[in-house]
file target.cif (mmCIF, C-alpha atoms; chains and numbers go by the auth columns)
data_protein
loop_
_atom_site.group_PDB
_atom_site.id
_atom_site.type_symbol
_atom_site.label_atom_id
_atom_site.label_comp_id
_atom_site.label_asym_id
_atom_site.label_seq_id
_atom_site.Cartn_x
_atom_site.Cartn_y
_atom_site.Cartn_z
_atom_site.B_iso_or_equiv
_atom_site.auth_seq_id
_atom_site.auth_asym_id
ATOM 1 C CA MET A 1 -42.634 -47.476 -3.405 0.00 461 P
ATOM 2 C CA ALA A 2 -43.518 -45.738 -6.650 0.00 462 P
ATOM 3 C CA ARG A 3 -46.317 -43.212 -6.890 0.00 463 P
ATOM 4 C CA SER A 4 -49.672 -44.614 -8.041 0.00 464 P
ATOM 5 C CA VAL A 5 -50.282 -43.975 -11.731 0.00 465 P
ATOM 6 C CA TRP A 6 -53.929 -42.980 -11.251 0.00 466 P
ATOM 7 C CA LYS A 7 -52.833 -39.873 -9.310 0.00 467 P
ATOM 8 C CA GLY A 8 -50.867 -38.457 -12.216 0.00 468 P
ATOM 9 C CA PRO A 9 -47.571 -36.582 -11.817 0.00 469 P
ATOM 10 C CA PHE A 10 -47.271 -34.249 -8.858 0.00 470 P
ATOM 11 C CA VAL A 11 -46.786 -30.552 -9.596 0.00 471 P
ATOM 12 C CA ASP A 12 -47.296 -27.678 -7.178 0.00 472 P
ATOM 13 C CA ALA A 13 -50.221 -25.623 -8.441 0.00 473 P
ATOM 14 C CA TYR A 14 -48.324 -22.329 -8.398 0.00 474 P
ATOM 15 C CA VAL A 15 -45.686 -23.746 -10.751 0.00 475 P
ATOM 16 C CA LEU A 16 -48.348 -24.620 -13.317 0.00 476 P
ATOM 17 C CA LYS A 17 -49.874 -21.172 -12.962 0.00 477 P
ATOM 18 C CA LYS A 18 -46.557 -19.324 -13.307 0.00 478 P
ATOM 19 C CA ALA A 19 -45.586 -21.416 -16.338 0.00 479 P
ATOM 20 C CA GLU A 20 -48.907 -20.718 -18.015 0.00 480 P
ATOM 21 C CA VAL A 21 -48.662 -16.973 -17.399 0.00 481 P
ATOM 22 C CA SER A 22 -45.101 -16.912 -18.741 0.00 482 P
ATOM 23 C CA ARG A 23 -46.007 -18.899 -21.842 0.00 483 P
ATOM 24 C CA GLU A 24 -48.958 -16.634 -22.601 0.00 484 P
ATOM 25 C CA SER A 25 -46.909 -13.465 -22.144 0.00 485 P
ATOM 26 C CA GLY A 26 -44.220 -14.802 -24.488 0.00 486 P
ATOM 27 C CA ARG A 27 -41.561 -12.960 -22.507 0.00 487 P
ATOM 28 C CA ASN A 28 -38.028 -14.269 -22.217 0.00 488 P
ATOM 29 C CA GLU A 29 -37.817 -14.586 -18.443 0.00 489 P
ATOM 30 C CA VAL A 30 -36.671 -16.837 -15.661 0.00 490 P
ATOM 31 C CA ILE A 31 -39.640 -18.279 -13.746 0.00 491 P
ATOM 32 C CA LYS A 32 -38.539 -18.366 -10.129 0.00 492 P
ATOM 33 C CA ILE A 33 -39.798 -21.419 -8.262 0.00 493 P
ATOM 34 C CA TRP A 34 -39.083 -22.957 -4.880 0.00 494 P
ATOM 35 C CA SER A 35 -40.803 -26.252 -5.610 0.00 495 P
ATOM 36 C CA ARG A 36 -37.980 -28.729 -6.156 0.00 496 P
ATOM 37 C CA ARG A 37 -40.437 -31.605 -5.739 0.00 497 P
ATOM 38 C CA SER A 38 -42.557 -30.748 -8.785 0.00 498 P
ATOM 39 C CA THR A 39 -42.414 -33.017 -11.809 0.00 499 P
ATOM 40 C CA ILE A 40 -41.353 -31.532 -15.149 0.00 500 P
ATOM 41 C CA LEU A 41 -44.311 -31.704 -17.523 0.00 501 P
ATOM 42 C CA PRO A 42 -44.389 -31.535 -21.341 0.00 502 P
ATOM 43 C CA GLN A 43 -45.908 -28.028 -21.241 0.00 503 P
ATOM 44 C CA PHE A 44 -42.768 -26.725 -19.504 0.00 504 P
ATOM 45 C CA VAL A 45 -40.496 -27.537 -22.467 0.00 505 P
ATOM 46 C CA GLY A 46 -38.786 -24.404 -23.778 0.00 506 P
ATOM 47 C CA LEU A 47 -39.276 -22.396 -20.587 0.00 507 P
ATOM 48 C CA THR A 48 -36.491 -21.374 -18.224 0.00 508 P
ATOM 49 C CA PHE A 49 -37.101 -21.947 -14.523 0.00 509 P
ATOM 50 C CA GLY A 50 -35.012 -20.576 -11.690 0.00 510 P
ATOM 51 C CA VAL A 51 -35.030 -23.496 -9.264 0.00 511 P
ATOM 52 C CA TYR A 52 -34.152 -22.580 -5.686 0.00 512 P
ATOM 53 C CA ASN A 53 -31.334 -24.584 -4.126 0.00 513 P
ATOM 54 C CA GLY A 54 -31.585 -23.108 -0.645 0.00 514 P
ATOM 55 C CA LYS A 55 -29.358 -20.169 -1.525 0.00 515 P
ATOM 56 C CA LYS A 56 -30.180 -18.966 -4.999 0.00 516 P
ATOM 57 C CA HIS A 57 -32.225 -19.762 -8.088 0.00 517 P
ATOM 58 C CA ILE A 58 -30.376 -21.952 -10.588 0.00 518 P
ATOM 59 C CA PRO A 59 -31.549 -21.394 -14.200 0.00 519 P
ATOM 60 C CA VAL A 60 -32.846 -24.607 -15.760 0.00 520 P
ATOM 61 C CA ASN A 61 -33.766 -24.626 -19.467 0.00 521 P
ATOM 62 C CA VAL A 62 -36.348 -27.364 -19.811 0.00 522 P
ATOM 63 C CA THR A 63 -35.869 -29.740 -22.733 0.00 523 P
ATOM 64 C CA GLU A 64 -37.845 -32.782 -23.847 0.00 524 P
ATOM 65 C CA ASP A 65 -35.568 -35.339 -22.265 0.00 525 P
ATOM 66 C CA MET A 66 -36.146 -33.798 -18.816 0.00 526 P
ATOM 67 C CA ILE A 67 -39.861 -34.634 -18.782 0.00 527 P
ATOM 68 C CA GLY A 68 -40.800 -36.802 -15.821 0.00 528 P
ATOM 69 C CA GLN A 69 -37.835 -35.750 -13.674 0.00 529 P
ATOM 70 C CA LYS A 70 -38.122 -33.421 -10.690 0.00 530 P
ATOM 71 C CA PHE A 71 -36.911 -29.815 -10.851 0.00 531 P
ATOM 72 C CA GLY A 72 -34.680 -30.381 -7.829 0.00 532 P
ATOM 73 C CA GLU A 73 -32.540 -32.832 -9.767 0.00 533 P
ATOM 74 C CA TYR A 74 -31.176 -29.953 -11.858 0.00 534 P
ATOM 75 C CA SER A 75 -30.450 -27.601 -8.983 0.00 535 P
ATOM 76 C CA PRO A 76 -27.790 -29.086 -6.711 0.00 536 P
ATOM 77 C CA THR A 77 -27.571 -27.875 -3.147 0.00 537 P
ATOM 78 C CA ARG A 78 -23.818 -28.304 -2.944 0.00 538 P
ATOM 79 C CA THR A 79 -21.280 -26.758 -5.293 0.00 539 P
ATOM 80 C CA TYR A 80 -18.032 -28.369 -6.357 0.00 540 P
ATOM 81 C CA TYR A 81 -15.600 -26.438 -8.517 0.00 541 P
ATOM 82 C CA GLY A 82 -13.248 -28.854 -10.200 0.00 542 P
ATOM 83 C CA HIS A 83 -10.441 -27.877 -12.535 0.00 543 P
ATOM 84 C CA ALA A 84 -11.294 -26.652 -16.022 0.00 544 P
ATOM 85 C CA ALA A 85 -8.608 -28.864 -17.641 0.00 545 P
ATOM 86 C CA ASP A 86 -9.941 -30.074 -21.020 0.00 546 P
ATOM 87 C CA LYS A 87 -13.623 -29.923 -20.111 0.00 547 P
ATOM 88 C CA LYS A 88 -15.934 -28.588 -22.800 0.00 548 P
ATOM 89 C CA ALA A 89 -19.128 -26.569 -22.836 0.00 549 P
ATOM 90 C CA LYS A 90 -21.558 -26.697 -25.738 0.00 550 P
ATOM 91 C CA ARG A 91 -23.749 -23.734 -26.636 0.00 551 P
ATOM 92 C CA LYS A 92 -27.177 -25.136 -27.556 0.00 552 P
ATOM 93 C CA MET B 1 -7.733 -14.454 -23.288 0.00 523 I
ATOM 94 C CA ALA B 2 -6.973 -18.179 -23.061 0.00 524 I
ATOM 95 C CA SER B 3 -3.854 -18.783 -21.001 0.00 525 I
ATOM 96 C CA GLU B 4 -1.002 -20.666 -22.614 0.00 526 I
ATOM 97 C CA ARG B 5 -1.006 -23.475 -20.077 0.00 527 I
ATOM 98 C CA VAL B 6 -3.926 -25.436 -18.663 0.00 528 I
ATOM 99 C CA ILE B 7 -3.796 -27.463 -15.473 0.00 529 I
ATOM 100 C CA VAL B 8 -4.636 -31.087 -16.305 0.00 530 I
ATOM 101 C CA GLY B 9 -3.587 -33.033 -13.239 0.00 531 I
ATOM 102 C CA SER B 10 -1.264 -33.351 -10.295 0.00 532 I
ATOM 103 C CA LEU B 11 1.236 -35.747 -8.775 0.00 533 I
ATOM 104 C CA ALA B 12 0.311 -37.430 -5.513 0.00 534 I
ATOM 105 C CA GLY B 13 3.604 -39.084 -4.583 0.00 535 I
ATOM 106 C CA ALA B 14 5.252 -42.397 -5.313 0.00 536 I
ATOM 107 C CA PHE B 15 3.520 -45.611 -6.293 0.00 537 I
ATOM 108 C CA GLY B 16 5.633 -48.538 -5.141 0.00 538 I
ATOM 109 C CA VAL B 17 9.413 -48.359 -4.865 0.00 539 I
ATOM 110 C CA LYS B 18 10.457 -48.477 -8.506 0.00 540 I
ATOM 111 C CA GLY B 19 9.937 -44.861 -9.464 0.00 541 I
ATOM 112 C CA GLU B 20 6.314 -44.944 -10.515 0.00 542 I
ATOM 113 C CA VAL B 21 4.093 -42.028 -9.486 0.00 543 I
ATOM 114 C CA ARG B 22 0.495 -41.598 -8.426 0.00 544 I
ATOM 115 C CA LEU B 23 -1.102 -39.337 -10.992 0.00 545 I
ATOM 116 C CA LYS B 24 -4.382 -37.505 -10.486 0.00 546 I
ATOM 117 C CA SER B 25 -6.114 -36.482 -13.683 0.00 547 I
ATOM 118 C CA TYR B 26 -8.541 -33.555 -13.883 0.00 548 I
ATOM 119 C CA CYS B 27 -9.452 -34.269 -17.526 0.00 549 I
ATOM 120 C CA ALA B 28 -12.976 -35.085 -18.743 0.00 550 I
ATOM 121 C CA ASP B 29 -11.598 -38.446 -19.890 0.00 551 I
ATOM 122 C CA PRO B 30 -9.023 -39.128 -17.158 0.00 552 I
ATOM 123 C CA ALA B 31 -6.775 -41.260 -19.375 0.00 553 I
ATOM 124 C CA ALA B 32 -6.437 -38.395 -21.869 0.00 554 I
ATOM 125 C CA ILE B 33 -3.833 -36.745 -19.630 0.00 555 I
ATOM 126 C CA ALA B 34 -1.148 -38.979 -21.153 0.00 556 I
ATOM 127 C CA THR B 35 -1.916 -37.617 -24.634 0.00 557 I
ATOM 128 C CA TYR B 36 -1.299 -33.994 -23.665 0.00 558 I
ATOM 129 C CA THR B 37 2.445 -34.367 -23.187 0.00 559 I
ATOM 130 C CA PRO B 38 4.746 -32.580 -22.648 0.00 560 I
ATOM 131 C CA LEU B 39 3.463 -31.792 -19.179 0.00 561 I
ATOM 132 C CA SER B 40 5.165 -29.240 -16.998 0.00 562 I
ATOM 133 C CA THR B 41 5.135 -28.272 -13.352 0.00 563 I
ATOM 134 C CA GLU B 42 4.588 -24.789 -11.931 0.00 564 I
ATOM 135 C CA ASP B 43 8.350 -24.178 -11.818 0.00 565 I
ATOM 136 C CA GLY B 44 8.817 -25.191 -15.453 0.00 566 I
ATOM 137 C CA ARG B 45 10.136 -28.757 -15.097 0.00 567 I
ATOM 138 C CA LEU B 46 9.162 -30.620 -18.258 0.00 568 I
ATOM 139 C CA PHE B 47 8.005 -34.250 -18.589 0.00 569 I
ATOM 140 C CA ARG B 48 7.981 -35.351 -22.207 0.00 570 I
ATOM 141 C CA VAL B 49 6.724 -38.923 -21.818 0.00 571 I
ATOM 142 C CA VAL B 50 3.958 -40.084 -19.474 0.00 572 I
ATOM 143 C CA VAL B 51 2.916 -43.745 -19.610 0.00 573 I
ATOM 144 C CA LEU B 52 -0.079 -44.855 -17.576 0.00 574 I
ATOM 145 C CA THR B 53 0.735 -48.261 -16.120 0.00 575 I
ATOM 146 C CA GLY B 54 -2.443 -48.941 -14.179 0.00 576 I
ATOM 147 C CA GLN B 55 -5.494 -47.606 -12.468 0.00 577 I
ATOM 148 C CA ILE B 56 -5.454 -47.009 -8.710 0.00 578 I
ATOM 149 C CA PRO B 57 -7.969 -45.399 -6.342 0.00 579 I
ATOM 150 C CA ASN B 58 -8.231 -41.657 -7.167 0.00 580 I
ATOM 151 C CA GLY B 59 -6.051 -41.798 -10.243 0.00 581 I
ATOM 152 C CA PHE B 60 -3.426 -43.671 -12.178 0.00 582 I
ATOM 153 C CA ALA B 61 -0.091 -45.283 -11.565 0.00 583 I
ATOM 154 C CA ALA B 62 2.277 -43.840 -14.149 0.00 584 I
ATOM 155 C CA ARG B 63 5.845 -43.911 -15.278 0.00 585 I
ATOM 156 C CA ILE B 64 7.183 -40.487 -16.139 0.00 586 I
ATOM 157 C CA GLU B 65 10.372 -39.829 -18.036 0.00 587 I
ATOM 158 C CA GLY B 66 12.872 -38.202 -15.681 0.00 588 I
ATOM 159 C CA ILE B 67 11.505 -39.744 -12.492 0.00 589 I
ATOM 160 C CA ASP B 68 13.409 -42.932 -11.761 0.00 590 I
ATOM 161 C CA SER B 69 13.232 -43.436 -8.009 0.00 591 I
ATOM 162 C CA LYS B 70 10.710 -43.386 -5.199 0.00 592 I
ATOM 163 C CA GLU B 71 12.547 -40.432 -3.620 0.00 593 I
ATOM 164 C CA GLU B 72 12.216 -38.355 -6.783 0.00 594 I
ATOM 165 C CA ALA B 73 8.522 -39.244 -7.031 0.00 595 I
ATOM 166 C CA ASP B 74 7.892 -38.366 -3.389 0.00 596 I
ATOM 167 C CA ALA B 75 9.668 -35.037 -3.814 0.00 597 I
ATOM 168 C CA LEU B 76 7.083 -34.076 -6.436 0.00 598 I
ATOM 169 C CA ARG B 77 4.070 -34.852 -4.233 0.00 599 I
ATOM 170 C CA GLY B 78 1.431 -32.167 -4.732 0.00 600 I
ATOM 171 C CA ALA B 79 2.984 -30.715 -7.892 0.00 601 I
ATOM 172 C CA ALA B 80 0.392 -29.522 -10.406 0.00 602 I
ATOM 173 C CA LEU B 81 0.839 -30.645 -14.007 0.00 603 I
ATOM 174 C CA TYR B 82 0.156 -28.270 -16.886 0.00 604 I
ATOM 175 C CA ALA B 83 -0.348 -28.953 -20.577 0.00 605 I
ATOM 176 C CA LEU B 84 0.029 -26.446 -23.372 0.00 606 I
ATOM 177 C CA ARG B 85 -3.367 -25.099 -24.426 0.00 607 I
ATOM 178 C CA ALA B 86 -2.337 -25.741 -28.041 0.00 608 I
ATOM 179 C CA ARG B 87 -2.137 -29.499 -27.324 0.00 609 I
ATOM 180 C CA LEU B 88 -5.881 -29.728 -26.696 0.00 610 I
ATOM 181 C CA PRO B 89 -7.822 -30.942 -29.743 0.00 611 I
ATOM 182 C CA HIS B 90 -9.830 -28.528 -31.886 0.00 612 I
ATOM 183 C CA LEU B 91 -13.534 -28.449 -31.128 0.00 613 I
ATOM 184 C CA ALA B 92 -16.669 -28.288 -33.236 0.00 614 I
ATOM 185 C CA ASP B 93 -18.598 -25.040 -33.703 0.00 615 I
ATOM 186 C CA ASP B 94 -20.300 -23.816 -30.553 0.00 616 I
ATOM 187 C CA GLU B 95 -18.084 -25.988 -28.363 0.00 617 I
ATOM 188 C CA TYR B 96 -15.607 -24.249 -26.087 0.00 618 I
ATOM 189 C CA TYR B 97 -13.089 -25.320 -23.496 0.00 619 I
ATOM 190 C CA HIS B 98 -13.945 -24.144 -19.993 0.00 620 I
ATOM 191 C CA ALA B 99 -10.390 -22.858 -19.765 0.00 621 I
ATOM 192 C CA ASP B 100 -11.056 -20.532 -22.731 0.00 622 I
ATOM 193 C CA LEU B 101 -14.325 -19.191 -21.327 0.00 623 I
ATOM 194 C CA ILE B 102 -13.144 -18.520 -17.789 0.00 624 I
ATOM 195 C CA GLY B 103 -12.023 -14.921 -17.431 0.00 625 I
ATOM 196 C CA LEU B 104 -13.869 -13.526 -20.467 0.00 626 I
ATOM 197 C CA ALA B 105 -15.608 -10.175 -19.982 0.00 627 I
ATOM 198 C CA VAL B 106 -19.381 -10.313 -20.322 0.00 628 I
ATOM 199 C CA SER B 107 -21.453 -7.384 -21.535 0.00 629 I
ATOM 200 C CA ASP B 108 -25.063 -7.057 -22.591 0.00 630 I
ATOM 201 C CA THR B 109 -26.199 -6.248 -26.130 0.00 631 I
ATOM 202 C CA GLY B 110 -26.067 -2.542 -25.310 0.00 632 I
ATOM 203 C CA GLY B 111 -22.429 -2.787 -24.211 0.00 633 I
ATOM 204 C CA THR B 112 -23.047 -2.482 -20.473 0.00 634 I
ATOM 205 C CA PRO B 113 -20.516 -4.625 -18.584 0.00 635 I
ATOM 206 C CA LEU B 114 -22.144 -7.463 -16.650 0.00 636 I
ATOM 207 C CA GLY B 115 -19.022 -9.039 -15.178 0.00 637 I
ATOM 208 C CA ARG B 116 -16.522 -11.779 -15.870 0.00 638 I
ATOM 209 C CA VAL B 117 -16.892 -15.525 -16.263 0.00 639 I
ATOM 210 C CA LYS B 118 -15.779 -17.137 -13.021 0.00 640 I
ATOM 211 C CA ALA B 119 -16.627 -20.770 -13.769 0.00 641 I
ATOM 212 C CA VAL B 120 -18.563 -22.992 -16.134 0.00 642 I
ATOM 213 C CA LEU B 121 -21.000 -25.356 -14.447 0.00 643 I
ATOM 214 C CA ASN B 122 -23.268 -28.124 -15.610 0.00 644 I
ATOM 215 C CA HIS B 123 -25.939 -29.508 -13.356 0.00 645 I
ATOM 216 C CA GLY B 124 -27.525 -31.837 -15.886 0.00 646 I
ATOM 217 C CA ALA B 125 -29.458 -29.309 -17.952 0.00 647 I
ATOM 218 C CA THR B 126 -27.610 -26.755 -20.129 0.00 648 I
ATOM 219 C CA ASP B 127 -24.148 -25.479 -19.307 0.00 649 I
ATOM 220 C CA LEU B 128 -24.145 -22.398 -17.100 0.00 650 I
ATOM 221 C CA LEU B 129 -21.697 -19.515 -17.008 0.00 651 I
ATOM 222 C CA GLU B 130 -21.099 -18.281 -13.484 0.00 652 I
ATOM 223 C CA ILE B 131 -20.570 -14.546 -13.758 0.00 653 I
ATOM 224 C CA ALA B 132 -18.853 -12.483 -11.093 0.00 654 I
ATOM 225 C CA ARG B 133 -20.408 -9.012 -11.038 0.00 655 I
ATOM 226 C CA PRO B 134 -18.116 -5.948 -11.309 0.00 656 I
ATOM 227 C CA GLU B 135 -19.444 -4.578 -8.007 0.00 657 I
ATOM 228 C CA GLY B 136 -18.799 -7.911 -6.240 0.00 658 I
ATOM 229 C CA GLY B 137 -21.369 -9.784 -4.202 0.00 659 I
ATOM 230 C CA GLU B 138 -23.370 -12.796 -5.301 0.00 660 I
ATOM 231 C CA THR B 139 -22.471 -14.401 -8.639 0.00 661 I
ATOM 232 C CA VAL B 140 -25.081 -14.816 -11.389 0.00 662 I
ATOM 233 C CA LEU B 141 -25.673 -17.982 -13.424 0.00 663 I
ATOM 234 C CA LEU B 142 -26.309 -17.442 -17.128 0.00 664 I
ATOM 235 C CA PRO B 143 -27.535 -20.331 -19.324 0.00 665 I
ATOM 236 C CA PHE B 144 -24.955 -20.987 -22.057 0.00 666 I
ATOM 237 C CA THR B 145 -27.464 -21.070 -24.916 0.00 667 I
ATOM 238 C CA LEU B 146 -27.533 -19.417 -28.328 0.00 668 I
ATOM 239 C CA ALA B 147 -30.422 -17.229 -27.170 0.00 669 I
ATOM 240 C CA ALA B 148 -28.820 -16.039 -23.931 0.00 670 I
ATOM 241 C CA VAL B 149 -25.234 -15.865 -25.232 0.00 671 I
ATOM 242 C CA PRO B 150 -25.385 -14.849 -28.909 0.00 672 I
ATOM 243 C CA THR B 151 -21.688 -13.953 -29.232 0.00 673 I
ATOM 244 C CA VAL B 152 -18.563 -15.600 -27.874 0.00 674 I
ATOM 245 C CA ASP B 153 -15.380 -13.918 -29.092 0.00 675 I
ATOM 246 C CA ILE B 154 -12.463 -15.657 -27.474 0.00 676 I
ATOM 247 C CA ALA B 155 -9.872 -13.784 -29.553 0.00 677 I
ATOM 248 C CA SER B 156 -10.996 -10.427 -28.206 0.00 678 I
ATOM 249 C CA GLY B 157 -11.862 -11.861 -24.796 0.00 679 I
ATOM 250 C CA ARG B 158 -15.505 -10.948 -24.628 0.00 680 I
ATOM 251 C CA ILE B 159 -18.953 -12.445 -24.509 0.00 681 I
ATOM 252 C CA VAL B 160 -22.140 -10.639 -25.475 0.00 682 I
ATOM 253 C CA ALA B 161 -25.127 -11.794 -23.457 0.00 683 I
ATOM 254 C CA ASP B 162 -28.838 -11.295 -23.896 0.00 684 I
ATOM 255 C CA PRO B 163 -29.944 -12.577 -20.496 0.00 685 I
ATOM 256 C CA PRO B 164 -33.555 -13.471 -19.726 0.00 686 I
ATOM 257 C CA ASP B 165 -35.488 -10.920 -17.670 0.00 687 I
ATOM 258 C CA GLY B 166 -34.940 -11.125 -13.949 0.00 688 I
ATOM 259 C CA LEU B 167 -31.495 -12.702 -14.075 0.00 689 I
ATOM 260 C CA PHE B 168 -29.280 -9.643 -13.449 0.00 690 I
#

call {"tool": "encode", "arguments": {"input": "target.cif", "output": "structure tokens"}}
result
Amino acid sequence: MARSVWKGPFVDAYVLKKAEVSRESGRNEVIKIWSRRSTILPQFVGLTFGVYNGKKHIPVNVTEDMIGQKFGEYSPTRTYYGHAADKKAKRK
Amino acid sequence: MASERVIVGSLAGAFGVKGEVRLKSYCADPAAIATYTPLSTEDGRLFRVVVLTGQIPNGFAARIEGIDSKEEADALRGAALYALRARLPHLADDEYYHADLIGLAVSDTGGTPLGRVKAVLNHGATDLLEIARPEGGETVLLPFTLAAVPTVDIASGRIVADPPDGLF
């Protein structure tokens, strides 16, 4: 069952606080968070979060199209190394 | 730094009794493996023509020039298939093949070595370079962005990184 709209998106309070402090400082840093359940909000766009996956913090650069998703979706808890083959990486 | 050959797939035995093989593709677009011919095995055996004849679970059925019987196909079970790096298409600016990035030395803007690229990962956000530190231990993930990785020089085999605070 979906979350009631009147409640608004769920975000752990410490994530909001850390994001605000980082944005105000203007420093280029990774904001370490453990809250995989928090929703990505518009004010997080442009920040880099280190989302804990149970072992380490995975850097996640937040972009506009990630709004509304949960942080945990971008920090997998299992790693699979395939073959490089012809796979490409784009520097954005 | 890019190696001359890139692994693009492997053979998984015979398909049927008429000399077709089971072909596993590791390519981003699996069917593209047939366009990277000639393919070669680890020991240098060359296959000039690869025709995909159908799709099967975990890969393709294929007819490969030089393999005419089930016995020959079975003998090649497990053989890795390599394509020449030069056969891969040219990419747009700021696009790189994982195979080219893996192994590059990474240093910071001051020239301090940070490690070597071990793998390139993508978990849905930006691409990430997994960097093995010179002293060993836990690897570090560096976002593959223009801000964090201002210079990629494949010819000289190095990457200059400007990592965010708290990453290394």

call {"tool": "interface_residues", "arguments": {"input": "target.cif", "of": "chain P", "to": "chain I", "cutoff": "6 Å", "atoms": "only C-alpha atoms", "output": "PyMOL selection string"}}
result
chain P and resi 488-489+534+544-552

call {"tool": "write_last_selection", "arguments": {"input": "target.cif", "atoms": "C-alpha atoms", "output": "short mmCIF file (atom, residue, chain, number, x, y, z; two decimals), in the frame of the given file"}}
result
data_model
loop_
_atom_site.label_atom_id
_atom_site.label_comp_id
_atom_site.auth_asym_id
_atom_site.auth_seq_id
_atom_site.Cartn_x
_atom_site.Cartn_y
_atom_site.Cartn_z
CA ASN P 488 -38.03 -14.27 -22.22
CA GLU P 489 -37.82 -14.59 -18.44
CA TYR P 534 -31.18 -29.95 -11.86
CA ALA P 544 -11.29 -26.65 -16.02
CA ALA P 545 -8.61 -28.86 -17.64
CA ASP P 546 -9.94 -30.07 -21.02
CA LYS P 547 -13.62 -29.92 -20.11
CA LYS P 548 -15.93 -28.59 -22.80
CA ALA P 549 -19.13 -26.57 -22.84
CA LYS P 550 -21.56 -26.70 -25.74
CA ARG P 551 -23.75 -23.73 -26.64
CA LYS P 552 -27.18 -25.14 -27.56
#

call {"tool": "residues_around", "arguments": {"input": "target.cif", "residues": "I:Arg570", "least_positions_apart": "4", "cutoff": "10 Å", "atoms": "only C-alpha atoms", "output": "number ranges by chain"}}
result
I: 556, 558-562, 586-588

call {"tool": "residues_around", "arguments": {"input": "target.cif", "residues": "P:Thr508", "least_positions_apart": "2", "cutoff": "8 Å", "atoms": "all atoms listed in the file", "output": "JSON, numbers by chain"}}
result
{"P": [489, 490, 491, 506, 510, 519, 520, 521, 522]}

call {"tool": "atom_distance", "arguments": {"input": "target.cif", "atom1": "atom CA of I:Gly659", "atom2": "atom CA of I:Ala627"}}
result
16.8 Å

call {"tool": "closest_residue", "arguments": {"input": "target.cif", "among": "I:Thr557, I:Ser678, I:Thr575, I:Ser629", "to": "I:Glu542", "atoms": "only C-alpha atoms"}}
result
I:Thr575

call {"tool": "decode", "arguments": {"input": "target.cif", "residues": "stretch 653-657 of chain I", "atoms": "all heavy atoms", "output": "compact mmCIF listing (two decimals), in the first residue's frame"}}
result
# COMPACT_ATOMS: atom_id res chain seq x y z
N ILE I 653 38.81 2.33 -7.17
CA ILE I 653 40.26 2.55 -7.16
C ILE I 653 40.92 1.72 -6.07
O ILE I 653 40.55 1.79 -4.89
CB ILE I 653 40.56 4.05 -6.97
CG1 ILE I 653 40.04 4.78 -8.21
CG2 ILE I 653 42.04 4.30 -6.80
CD1 ILE I 653 40.00 6.25 -8.07
N ALA I 654 41.87 0.89 -6.50
CA ALA I 654 42.64 0.09 -5.55
C ALA I 654 43.80 0.95 -5.06
O ALA I 654 44.57 1.48 -5.87
CB ALA I 654 43.16 -1.17 -6.24
N ARG I 655 43.90 1.11 -3.75
CA ARG I 655 44.92 1.97 -3.16
C ARG I 655 46.29 1.31 -3.26
O ARG I 655 46.40 0.08 -3.22
CB ARG I 655 44.58 2.25 -1.70
CG ARG I 655 43.20 2.83 -1.51
CD ARG I 655 43.14 4.31 -1.81
NE ARG I 655 43.76 5.07 -0.73
CZ ARG I 655 44.52 6.15 -0.91
NH1 ARG I 655 44.78 6.57 -2.13
NH2 ARG I 655 45.01 6.80 0.11
N PRO I 656 47.37 2.14 -3.38
CA PRO I 656 48.72 1.56 -3.50
C PRO I 656 49.10 0.71 -2.28
O PRO I 656 49.80 -0.29 -2.42
CB PRO I 656 49.64 2.78 -3.60
CG PRO I 656 48.77 3.94 -3.85
CD PRO I 656 47.39 3.60 -3.41
N GLU I 657 48.62 1.11 -1.10
CA GLU I 657 48.98 0.36 0.11
C GLU I 657 48.08 -0.85 0.34
O GLU I 657 48.23 -1.56 1.33
CB GLU I 657 48.95 1.29 1.34
CG GLU I 657 47.58 1.85 1.71
CD GLU I 657 47.22 3.14 0.99
OE1 GLU I 657 47.93 3.53 0.05
OE2 GLU I 657 46.22 3.76 1.38
